[in-house]
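Student: What follows is entry_0.cif, mmCIF, C-alpha atoms.
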data_entry
#
loop_
_atom_site.label_atom_id
_atom_site.label_comp_id
_atom_site.auth_asym_id
_atom_site.auth_seq_id
_atom_site.Cartn_x
_atom_site.Cartn_y
_atom_site.Cartn_z
CA MET D 1 0.00 0.00 0.00
CA MET D 2 1.34 3.46 -0.90
CA THR D 3 2.13 5.44 2.24
CA GLU D 4 0.38 8.75 2.71
CA GLU D 5 3.71 10.65 2.65
CA LYS D 6 4.83 9.12 -0.68
CA SER D 7 1.40 9.69 -2.17
CA LYS D 8 1.56 13.36 -1.25
CA GLU D 9 5.09 13.66 -2.71
CA ARG D 10 3.90 12.23 -6.04
CA ALA D 11 0.92 14.55 -6.09
CA VAL D 12 3.15 17.57 -5.45
CA ALA D 13 5.56 16.43 -8.18
CA VAL D 14 2.83 16.19 -10.80
CA VAL D 15 1.11 19.43 -9.82
CA SER D 16 4.36 21.40 -9.73
CA GLU D 17 5.71 19.97 -13.02
CA PRO D 18 5.81 22.86 -15.54
CA LEU D 19 3.94 22.55 -18.81
CA PRO D 20 6.10 22.61 -21.98
CA ASP D 21 6.22 25.80 -24.01
CA THR D 22 3.15 25.04 -26.11
CA GLU D 23 3.79 27.94 -28.50
CA GLU D 24 6.57 25.86 -30.14
CA LEU D 25 4.38 22.76 -30.56
CA PRO D 26 2.66 21.85 -33.83
CA GLN D 27 -1.01 22.83 -34.24
CA GLY D 28 -3.10 20.73 -31.87
CA GLY D 29 -0.05 19.63 -29.90
CA ALA D 30 -0.64 22.08 -27.09
CA MET D 31 -4.08 20.64 -26.29
CA LYS D 32 -2.67 17.10 -26.33
CA VAL D 33 0.01 18.08 -23.79
CA VAL D 34 -2.56 19.74 -21.53
CA ARG D 35 -4.90 16.75 -21.77
CA GLY D 36 -2.01 14.37 -21.04
CA TRP D 37 -1.00 16.41 -17.98
CA ARG D 38 -4.57 16.43 -16.70
CA ASP D 39 -4.92 12.69 -17.30
CA ARG D 40 -1.77 12.02 -15.27
CA LEU D 41 -3.05 14.19 -12.42
CA GLY D 42 -6.49 12.55 -12.56
CA ARG D 43 -4.96 9.05 -12.42
CA LEU D 44 -2.85 10.04 -9.43
CA LEU D 45 -5.78 11.61 -7.58
CA GLU D 46 -7.86 8.50 -8.26
CA LYS D 47 -4.97 6.39 -6.98
CA ASN D 48 -4.84 8.51 -3.82
CA ARG D 49 -8.59 8.10 -3.41
CA ASN D 50 -8.30 4.34 -3.80
CA ASP D 51 -5.49 4.26 -1.23
CA SER D 52 -7.64 6.27 1.18
CA GLN D 53 -10.60 3.95 0.66
CA GLU D 54 -8.34 0.93 1.15
CA ARG D 55 -7.16 2.30 4.50
CA LEU D 56 -10.75 3.00 5.56
CA GLN D 57 -11.80 -0.51 4.56
CA ALA D 58 -9.15 -1.84 6.92
CA LEU D 59 -10.50 0.31 9.74
CA LEU D 60 -13.99 -1.01 9.01
CA THR D 61 -13.15 -4.70 8.77
CA ALA D 62 -9.81 -5.55 10.41
CA ALA D 63 -9.87 -7.24 13.80
CA LEU D 64 -9.52 -5.01 16.85
CA THR D 65 -6.19 -6.71 17.52
CA ASP D 66 -4.80 -5.79 14.08
CA ASN D 67 -1.82 -3.58 14.92
CA ALA D 68 -1.50 -1.99 11.46
CA ALA D 69 -5.19 -1.03 11.45
CA ASN D 70 -4.93 0.35 14.97
CA GLN D 71 -1.98 2.52 14.01
CA GLU D 72 -3.94 3.71 10.98
CA MET D 73 -6.80 4.63 13.33
CA ASP D 74 -4.43 6.76 15.39
CA LYS D 75 -3.48 8.68 12.23
CA TRP D 76 -7.12 9.04 11.18
CA LEU D 77 -8.13 10.41 14.59
CA LEU D 78 -5.22 12.86 14.69
CA SER D 79 -6.09 14.13 11.20
CA TYR D 80 -9.76 14.44 12.18
CA GLU D 81 -9.06 16.37 15.37
CA GLN D 82 -6.66 18.74 13.65
CA GLY D 83 -8.93 19.35 10.66
CA ASP D 84 -11.33 22.24 10.19
CA GLN D 85 -15.05 21.66 9.77
CA ASN D 86 -14.86 21.02 6.02
CA LYS D 87 -11.99 18.58 6.48
CA ARG D 88 -13.87 16.65 9.20
CA LEU D 89 -17.06 16.44 7.13
CA THR D 90 -15.10 15.23 4.11
CA MET D 91 -13.53 12.51 6.24
CA LEU D 92 -16.95 11.47 7.53
CA SER D 93 -18.38 11.34 4.02
CA GLU D 94 -15.44 9.21 2.88
CA LEU D 95 -16.07 6.92 5.82
CA ALA D 96 -19.76 6.66 4.92
CA LEU D 97 -18.84 5.82 1.30
CA ALA D 98 -16.40 3.14 2.39
CA ARG D 99 -19.05 1.78 4.76
CA ARG D 100 -21.59 1.63 1.91
CA GLU D 101 -19.24 -0.34 -0.30
CA GLN D 102 -18.98 -3.05 2.34
CA VAL D 103 -21.66 -5.64 3.09
CA LEU D 104 -21.30 -5.59 6.86
CA SER D 105 -23.25 -7.23 9.62
CA GLY D 106 -24.31 -5.21 12.68
CA GLN D 107 -21.24 -6.02 14.77
CA GLN D 108 -18.90 -5.53 11.82
CA GLY D 109 -20.53 -2.27 10.86
CA ALA D 110 -19.79 -0.78 14.29
CA LEU D 111 -16.19 -2.02 14.25
CA PHE D 112 -14.81 1.38 13.21
CA PHE D 113 -16.33 3.10 16.23
CA ARG D 114 -15.34 0.27 18.57
CA ARG D 115 -11.76 0.64 17.34
CA LEU D 116 -11.92 4.39 17.88
CA TYR D 117 -13.32 3.79 21.38
CA ALA D 118 -10.41 1.49 22.16
CA ARG D 119 -7.74 3.83 20.78
CA ALA D 120 -8.95 7.23 22.04
CA ASP D 121 -7.89 8.49 25.45
CA SER D 122 -11.46 9.45 26.31
CA LEU D 123 -15.00 9.30 24.94
CA HIS D 124 -14.88 12.94 23.96
CA PRO D 125 -13.69 12.34 20.35
CA LEU D 126 -16.65 10.01 19.73
CA VAL D 127 -19.10 12.49 21.24
CA ARG D 128 -17.65 15.32 19.17
CA LEU D 129 -17.72 13.14 16.05
CA ARG D 130 -21.42 12.44 16.54
CA ALA D 131 -22.07 16.15 17.05
CA ASP D 132 -20.50 16.73 13.62
CA ILE D 133 -22.66 13.97 12.12
CA LEU D 134 -25.89 15.38 13.59
CA ALA D 135 -25.07 18.91 12.46
CA ALA D 136 -24.46 17.83 8.86
CA MET D 137 -26.97 15.00 8.29
CA LYS D 138 -29.51 17.17 6.46
CA GLU D 139 -26.95 18.30 3.90
CA ARG D 140 -25.11 14.96 3.85
CA PRO D 141 -27.72 12.18 4.20
CA GLU D 142 -25.04 9.54 3.70
CA LEU D 143 -24.02 10.21 7.32
CA GLN D 144 -27.30 8.78 8.63
CA GLU D 145 -25.94 5.24 8.39
CA LEU D 146 -22.98 6.24 10.54
CA ASP D 147 -25.32 7.64 13.21
CA LYS D 148 -27.39 4.45 13.19
CA GLU D 149 -24.24 2.56 14.15
CA LEU D 150 -22.74 5.10 16.57
CA LYS D 151 -25.81 6.06 18.62
CA PRO D 152 -26.50 2.56 20.06
CA LEU D 153 -22.86 2.31 21.07
CA LEU D 154 -22.98 5.66 22.85
CA ILE D 155 -26.16 4.59 24.64
CA SER D 156 -24.34 1.54 26.00
CA TRP D 157 -21.15 3.45 26.82
CA PHE D 158 -23.12 6.16 28.64
CA ASP D 159 -25.35 3.75 30.54
CA VAL D 160 -26.65 5.53 33.63
CA GLY D 161 -25.07 2.86 35.82
CA MET D 162 -21.65 4.09 34.70
CA LEU D 163 -22.34 7.76 35.42
CA GLN D 164 -21.15 9.45 38.59
CA LEU D 165 -23.29 12.03 40.40
CA ARG D 166 -21.20 14.79 41.94
CA PRO D 167 -22.01 18.13 43.57
CA ILE D 168 -20.36 21.19 42.06
CA THR D 169 -19.49 23.87 44.60
CA TRP D 170 -17.70 27.21 44.64
CA ASP D 171 -14.63 25.26 45.82
CA SER D 172 -14.60 23.05 42.69
CA PRO D 173 -11.67 23.51 40.26
CA ALA D 174 -11.79 26.73 38.25
CA SER D 175 -11.69 24.74 35.00
CA LEU D 176 -14.92 23.00 36.01
CA LEU D 177 -16.59 26.25 37.06
CA GLU D 178 -15.71 27.75 33.69
CA LYS D 179 -17.57 24.88 32.02
CA LEU D 180 -20.72 25.74 33.98
CA ILE D 181 -20.59 29.25 32.55
CA GLU D 182 -19.92 27.88 29.07
CA TYR D 183 -22.62 25.20 29.05
CA GLU D 184 -25.45 26.92 30.95
CA ALA D 185 -28.32 26.70 28.45
CA VAL D 186 -31.36 28.00 30.37
CA HIS D 187 -30.35 31.11 32.31
CA GLU D 188 -27.11 32.67 31.13
CA ILE D 189 -24.34 33.23 33.67
CA ASN D 190 -22.78 36.64 33.00
CA SER D 191 -20.16 36.92 35.73
CA TRP D 192 -18.26 35.06 38.41
CA SER D 193 -20.36 36.76 41.07
CA GLU D 194 -23.51 35.36 39.46
CA LEU D 195 -21.94 31.91 39.38
CA LYS D 196 -20.93 32.17 43.04
CA HIS D 197 -24.51 33.06 43.96
CA ARG D 198 -25.71 29.86 42.24
CA LEU D 199 -23.26 27.67 44.18
CA THR D 200 -23.32 29.09 47.73
CA GLY D 201 -25.82 29.80 50.50
CA THR D 202 -29.06 27.95 49.76
CA ARG D 203 -28.09 27.19 46.15
CA ARG D 204 -26.89 23.79 45.01
CA CYS D 205 -25.65 22.22 41.78
CA TYR D 206 -25.26 18.55 40.84
CA ALA D 207 -23.88 17.00 37.65
CA TYR D 208 -23.42 13.64 35.98
CA PHE D 209 -19.88 12.71 34.93
CA HIS D 210 -18.53 9.75 32.97
CA PRO D 211 -15.23 8.13 34.06
CA ARG D 212 -13.83 8.55 30.55
CA MET D 213 -14.86 12.21 30.36
CA ALA D 214 -14.13 12.99 33.99
CA ASP D 215 -13.50 16.72 33.55
CA ILE D 216 -16.71 17.48 31.61
CA PRO D 217 -20.19 17.56 33.20
CA LEU D 218 -22.59 15.79 30.83
CA ILE D 219 -25.70 17.35 32.35
CA PHE D 220 -26.14 19.53 35.42
CA VAL D 221 -29.04 20.86 37.46
CA GLU D 222 -29.16 24.02 39.56
CA ILE D 223 -31.32 24.10 42.69
CA ALA D 224 -32.61 26.78 45.06
CA LEU D 225 -33.65 25.69 48.54
CA THR D 226 -36.47 27.97 49.68
CA GLN D 227 -39.30 28.08 52.20
CA ASN D 228 -42.02 28.09 49.52
CA MET D 229 -42.42 27.16 45.87
CA ALA D 230 -40.60 29.74 43.72
CA ASP D 231 -42.65 31.84 41.29
CA SER D 232 -39.97 34.16 39.84
CA VAL D 233 -36.66 33.14 38.35
CA GLN D 234 -35.42 36.74 38.53
CA HIS D 235 -35.68 36.52 42.31
CA LEU D 236 -33.75 33.25 42.36
CA LEU D 237 -31.00 34.58 40.09
CA ASP D 238 -30.55 37.99 41.74
CA PRO D 239 -27.19 37.96 43.59
CA GLU D 240 -28.45 40.80 45.78
CA GLY D 241 -31.73 39.09 46.64
CA SER D 242 -32.50 37.95 50.16
CA ASP D 243 -31.67 34.33 50.92
CA THR D 244 -33.71 31.81 52.88
CA ASP D 245 -32.44 30.52 56.19
CA LEU D 246 -31.36 27.01 55.25
CA SER D 247 -32.96 25.58 58.39
CA LYS D 248 -36.33 26.94 57.20
CA ALA D 249 -36.04 25.57 53.67
CA ARG D 250 -38.85 23.18 52.82
CA CYS D 251 -38.84 23.31 49.01
CA ALA D 252 -36.16 22.34 46.49
CA ASN D 253 -36.65 24.30 43.25
CA PHE D 254 -34.93 22.89 40.16
CA TYR D 255 -34.63 26.02 38.02
CA SER D 256 -32.07 25.09 35.37
CA ILE D 257 -31.17 21.80 33.69
CA SER D 258 -28.51 21.93 30.98
CA ASN D 259 -27.24 19.20 28.67
CA THR D 260 -23.70 20.03 27.65
CA GLN D 261 -22.90 17.70 24.74
CA ALA D 262 -24.63 18.05 21.36
CA GLY D 263 -23.19 14.65 20.43
CA LEU D 264 -25.34 12.99 23.12
CA ARG D 265 -28.63 14.33 21.76
CA GLY D 266 -31.34 11.70 22.01
CA ILE D 267 -29.45 9.84 24.76
CA SER D 268 -31.46 10.75 27.82
CA PHE D 269 -30.28 10.51 31.40
CA GLY D 270 -31.87 13.70 32.72
CA ASN D 271 -34.71 11.77 34.35
CA PHE D 272 -32.25 9.64 36.30
CA LEU D 273 -30.35 12.78 37.30
CA LEU D 274 -33.38 14.44 38.90
CA LYS D 275 -34.37 11.34 40.85
CA ARG D 276 -30.85 10.81 42.14
CA VAL D 277 -30.53 14.46 43.10
CA ILE D 278 -33.81 14.26 45.02
CA ASP D 279 -32.43 11.26 46.91
CA ALA D 280 -29.22 13.15 47.70
CA LEU D 281 -31.12 16.23 48.89
CA MET D 282 -33.45 14.18 51.09
CA LYS D 283 -30.42 12.58 52.71
CA ASP D 284 -28.63 15.88 53.36
CA TYR D 285 -31.71 18.00 54.14
CA PRO D 286 -34.44 15.78 55.60
CA GLN D 287 -36.64 18.81 56.31
CA LEU D 288 -37.35 19.22 52.58
CA LYS D 289 -40.94 18.28 51.69
CA THR D 290 -41.48 19.61 48.15
CA PHE D 291 -39.47 18.99 44.99
CA VAL D 292 -40.51 21.17 42.10
CA THR D 293 -39.14 22.85 39.00
CA LEU D 294 -39.46 26.43 37.86
CA SER D 295 -39.41 25.84 34.14
CA PRO D 296 -39.64 27.87 30.93
CA ILE D 297 -42.40 27.37 28.36
CA PRO D 298 -40.21 27.61 25.25
CA GLY D 299 -42.79 27.03 22.53
CA PHE D 300 -45.72 29.06 23.82
CA THR D 301 -45.36 32.21 21.70
CA ARG D 302 -44.82 30.20 18.50
CA TRP D 303 -47.94 28.16 19.28
CA LEU D 304 -50.12 31.16 20.10
CA GLU D 305 -49.00 33.09 17.02
CA LYS D 306 -50.31 30.27 14.80
CA GLN D 307 -53.78 30.07 16.42
CA ASP D 308 -56.82 31.52 14.69
CA GLY D 309 -59.72 33.12 16.52
CA ASP D 310 -61.99 30.10 16.26
CA SER D 311 -59.49 27.86 18.06
CA LEU D 312 -59.04 30.45 20.85
CA GLN D 313 -62.73 31.15 21.47
CA GLU D 314 -63.19 28.35 23.97
CA TYR D 315 -60.65 30.01 26.29
CA LEU D 316 -62.37 33.41 26.18
CA THR D 317 -65.22 34.18 28.57
CA ASP D 318 -65.98 37.78 27.62
CA LYS D 319 -68.67 37.99 24.91
CA THR D 320 -67.01 40.91 23.16
CA GLU D 321 -63.65 39.11 23.05
CA LYS D 322 -65.29 35.96 21.66
CA ARG D 323 -67.08 37.97 18.96
CA LEU D 324 -63.87 39.74 17.93
CA ALA D 325 -61.97 36.44 17.75
CA ALA D 326 -64.57 34.62 15.64
CA GLY D 327 -63.29 34.06 12.10
CA ASP D 328 -60.10 36.06 12.65
CA PRO D 329 -57.10 34.15 11.22
CA ASP D 330 -54.68 36.61 12.87
CA SER D 331 -56.19 36.43 16.36
CA GLY D 332 -53.27 34.56 17.94
CA ARG D 333 -50.70 37.13 16.84
CA LYS D 334 -52.91 39.97 18.14
CA TRP D 335 -53.27 38.27 21.51
CA LEU D 336 -49.52 37.78 21.65
CA ILE D 337 -49.02 41.54 21.40
CA ARG D 338 -51.71 42.24 24.03
CA ILE D 339 -50.23 39.73 26.48
CA SER D 340 -46.68 41.05 26.08
CA THR D 341 -47.94 44.57 26.77
CA ALA D 342 -49.99 43.42 29.77
CA VAL D 343 -46.87 42.11 31.54
CA GLN D 344 -45.68 45.69 31.90
CA GLU D 345 -49.11 47.17 32.64
CA ARG D 346 -50.20 44.54 35.19
CA ASN D 347 -53.52 44.00 33.42
CA GLU D 348 -55.20 41.26 35.46
CA ALA D 349 -57.94 40.55 32.91
CA ILE D 350 -55.36 39.86 30.17
CA GLU D 351 -53.29 37.91 32.69
CA ARG D 352 -56.14 35.46 33.32
CA ILE D 353 -56.64 34.92 29.58
CA ALA D 354 -52.90 34.44 29.04
CA LEU D 355 -52.76 31.81 31.77
CA ARG D 356 -55.67 29.95 30.18
CA PHE D 357 -53.88 30.02 26.83
CA ALA D 358 -50.66 28.76 28.45
CA SER D 359 -52.50 25.98 30.26
CA ALA D 360 -54.12 24.86 27.00
CA TYR D 361 -50.74 24.88 25.28
CA LEU D 362 -49.04 22.82 28.01
CA MET D 363 -51.78 20.17 27.75
CA SER D 364 -51.72 20.08 23.94
CA MET D 365 -50.67 16.80 22.37
CA ARG D 366 -49.68 15.82 18.85
CA ASN D 367 -48.98 12.27 17.72
CA ASP D 368 -49.60 11.10 21.31
CA GLN D 369 -46.89 13.40 22.66
CA LEU D 370 -47.03 16.72 24.47
CA VAL D 371 -46.22 19.59 22.14
CA ASP D 372 -44.00 21.47 24.59
CA SER D 373 -40.55 19.88 24.88
CA VAL D 374 -40.01 20.82 28.54
CA ALA D 375 -43.46 19.54 29.55
CA ARG D 376 -42.74 16.36 27.61
CA PHE D 377 -39.53 15.86 29.58
CA HIS D 378 -40.92 16.48 33.07
CA LEU D 379 -44.29 14.76 32.66
CA GLY D 380 -42.48 11.90 30.97
CA ASN D 381 -40.45 11.58 34.18
CA GLY D 382 -43.61 11.38 36.29
CA ALA D 383 -44.07 15.00 37.37
CA ARG D 384 -47.35 16.89 37.08
CA ILE D 385 -48.12 20.45 36.05
CA GLU D 386 -48.64 22.23 39.37
CA ARG D 387 -48.82 25.99 38.83
CA LEU D 388 -48.44 28.71 36.20
CA ASN D 389 -46.57 31.86 37.15
CA TRP D 390 -47.24 35.27 35.60
CA ALA D 391 -44.28 37.62 34.96
CA ALA D 392 -41.89 34.96 36.26
CA ASP D 393 -39.14 35.55 33.69
CA CYS D 394 -39.18 39.06 32.23
CA SER D 395 -35.77 38.73 30.60
CA PRO D 396 -35.68 39.23 26.82
CA LYS D 397 -35.46 35.45 26.37
CA GLY D 398 -38.34 34.81 28.76
CA MET D 399 -40.55 37.38 27.04
CA GLN D 400 -39.66 36.04 23.60
CA GLN D 401 -40.51 32.42 24.33
CA SER D 402 -43.47 32.66 26.74
CA CYS D 403 -44.42 36.31 27.39
CA GLY D 404 -42.66 36.00 30.74
CA MET D 405 -44.71 33.06 32.05
CA MET D 406 -43.14 30.00 33.70
CA VAL D 407 -44.51 26.75 35.09
CA ASN D 408 -43.89 24.63 38.19
CA TYR D 409 -43.69 20.86 37.66
CA LEU D 410 -44.14 18.95 40.91
CA TYR D 411 -42.30 15.69 41.63
CA GLU D 412 -44.15 13.57 44.20
CA LEU D 413 -42.13 10.40 44.54
CA ASP D 414 -45.09 8.15 45.33
CA GLN D 415 -47.04 9.46 42.31
CA LEU D 416 -44.41 9.28 39.59
CA ASP D 417 -45.42 5.89 38.16
CA ALA D 418 -49.14 6.74 38.19
CA ASN D 419 -48.49 10.04 36.45
CA MET D 420 -46.43 8.35 33.74
CA GLN D 421 -49.21 5.84 33.17
CA ALA D 422 -51.72 8.67 32.85
CA LEU D 423 -49.52 10.41 30.28
CA ALA D 424 -49.19 7.18 28.29
CA ALA D 425 -52.99 7.03 28.22
CA GLY D 426 -53.14 10.56 26.77
CA LYS D 427 -54.24 12.21 30.02
CA PRO D 428 -51.32 14.30 31.32
CA LYS D 429 -51.58 15.17 35.00
CA SER D 430 -52.19 18.83 35.80
CA ARG D 431 -53.54 20.89 38.67
CA LEU D 432 -54.44 23.67 36.21
CA THR D 433 -57.47 22.12 34.55
CA SER D 434 -60.07 23.30 37.05
CA ARG D 435 -58.40 26.64 37.73
CA TRP D 436 -57.70 27.91 34.24
CA LEU D 437 -59.89 26.13 31.68
#
Here is the file; what I need is its structure written in the form of structure tokens.

Tutor:
Amino acid sequence: MMTEEKSKERAVAVVSEPLPDTEELPQGGAMKVVRGWRDRLGRLLEKNRNDSQERLQALLTAALTDNAANQEMDKWLLSYEQGDQNKRLTMLSELALARREQVLSGQQGALFFRRLYARADSLHPLVRLRADILAAMKERPELQELDKELKPLLISWFDVGMLQLRPITWDSPASLLEKLIEYEAVHEINSWSELKHRLTGTRRCYAYFHPRMADIPLIFVEIALTQNMADSVQHLLDPEGSDTDLSKARCANFYSISNTQAGLRGISFGNFLLKRVIDALMKDYPQLKTFVTLSPIPGFTRWLEKQDGDSLQEYLTDKTEKRLAAGDPDSGRKWLIRISTAVQERNEAIERIALRFASAYLMSMRNDQLVDSVARFHLGNGARIERLNWAADCSPKGMQQSCGMMVNYLYELDQLDANMQALAAGKPKSRLTSRWL
């Protein structure tokens, strides 16, 4: 097999070889020289391509104990990690092409990724590789076959039994604290003082780690221990806000859950995280009685904007409002503007209507699943919708996604299984039905 270095030398030699002075050639000779030069270059490039495919075939089929193939994998991984985005995607497409040319069984088809798992120092290269695959699958559908082989392996390698639950405190290494700032996906952390507020006093943070990615939290949850159920995230996040006496805390509020790795999308362990954190909190703080989230409603404004007046009429009690909504295809967008304005004006009549709309949205199902992704996550873990909160997140992000409203999901440990069964039957559990609809 031609080595990569020799192949590159030959390519450089051909490309850098000067063309003859075609002005001195007989008529038609110049074009023949040019065509001959291009043919030589084309044959060499095709040879290089064949060599590359031959190396990939070895990575796809050679035994895990094959030393030559393992050394080739080391080179492939180094080239992949040093490459820019275009280079990495090209390498993935070449891998997909080589995979397609083989008739491989299930175990054989995953051999490439098993070899990479065995050769890499950590699982991070595989997670990053899948993130690249997921980001490019729409434009490069050939990568779908790679994901079908890699995802099941990641599910087994990130089995919840292998994950370690650890608290993150203000005394944790600075490199780890920096990752909290980087990966926070729900409520942005803008300074070290904000981060300190989230990790000290009555604030807690827990994360899942994998032994082969020990310095990277895979998912983390931030908690506020308070006397009562929280109804405003601004209050929880305010570093200058008053803090609860820890001895009086009776409620654990989960106000931010962040997945950190795009390459682990679709591999869920968030439900296990919450249940394990509840167990840890009950052990350390036996006075806690209530475990609840303060969660965003990320799809509410998009949903409301698409509603016509006829679909909204059942949530309106005022006769004039019902008449105005009837037959109006733009009613949802108009209500969106009115609700956003009412947050600033403290209009209680609009507030009641907005809460009814939000309740209807949270209970909405499509294809036997809740429409809202956050509701789907928490109710799928056995929680129930407990309370809607008006003007709970008036940040630009909160206003944009839900007109400032947030929702509490309650976790009652002895009701989790029953709530999941109700959801499976198409009857999500909620305390809002009688109050708002």

Student: Would you mind reading off the distance between CA of Ala207 (chain D) and CA of Leu116 (chain D), one decimal, in Å?

Tutor: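 For CA of Ala207 (chain D) relative to CA of Leu116 (chain D), the distance reads 26.3 Å.
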
Student: May I ask which of the residues D:Leu153, D:Leu432, D:Ala383, D:Ala422 is the closest one to Ser359 (chain D), counting all atoms listed in the file?

Tutor: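 Of the candidates, the smallest distance to Ser359 (chain D) is held by D:Leu432.
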
Student: So, counting all atoms listed in the file, which residue among D:Leu64, D:Ala96, D:Ala118, D:Ala354 is closest to Ile133 (chain D)?

Tutor: D:Ala96

Student: When you draw a straight line from CA of Arg198 (chain D) to CA of Ser295 (chain D), how long is it in Å?

Tutor: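 Separating CA of Arg198 (chain D) from CA of Ser295 (chain D) is a distance of 16.4 Å.
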
Student: From the set D:Glu54, D:Ala342, D:Arg204, D:Tyr315, which residue has the shortest atom-to-atom contact distance to Cys394 (chain D), counting only C-alpha atoms?

Tutor: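 For Cys394 (chain D), the nearest of the given residues is D:Ala342.
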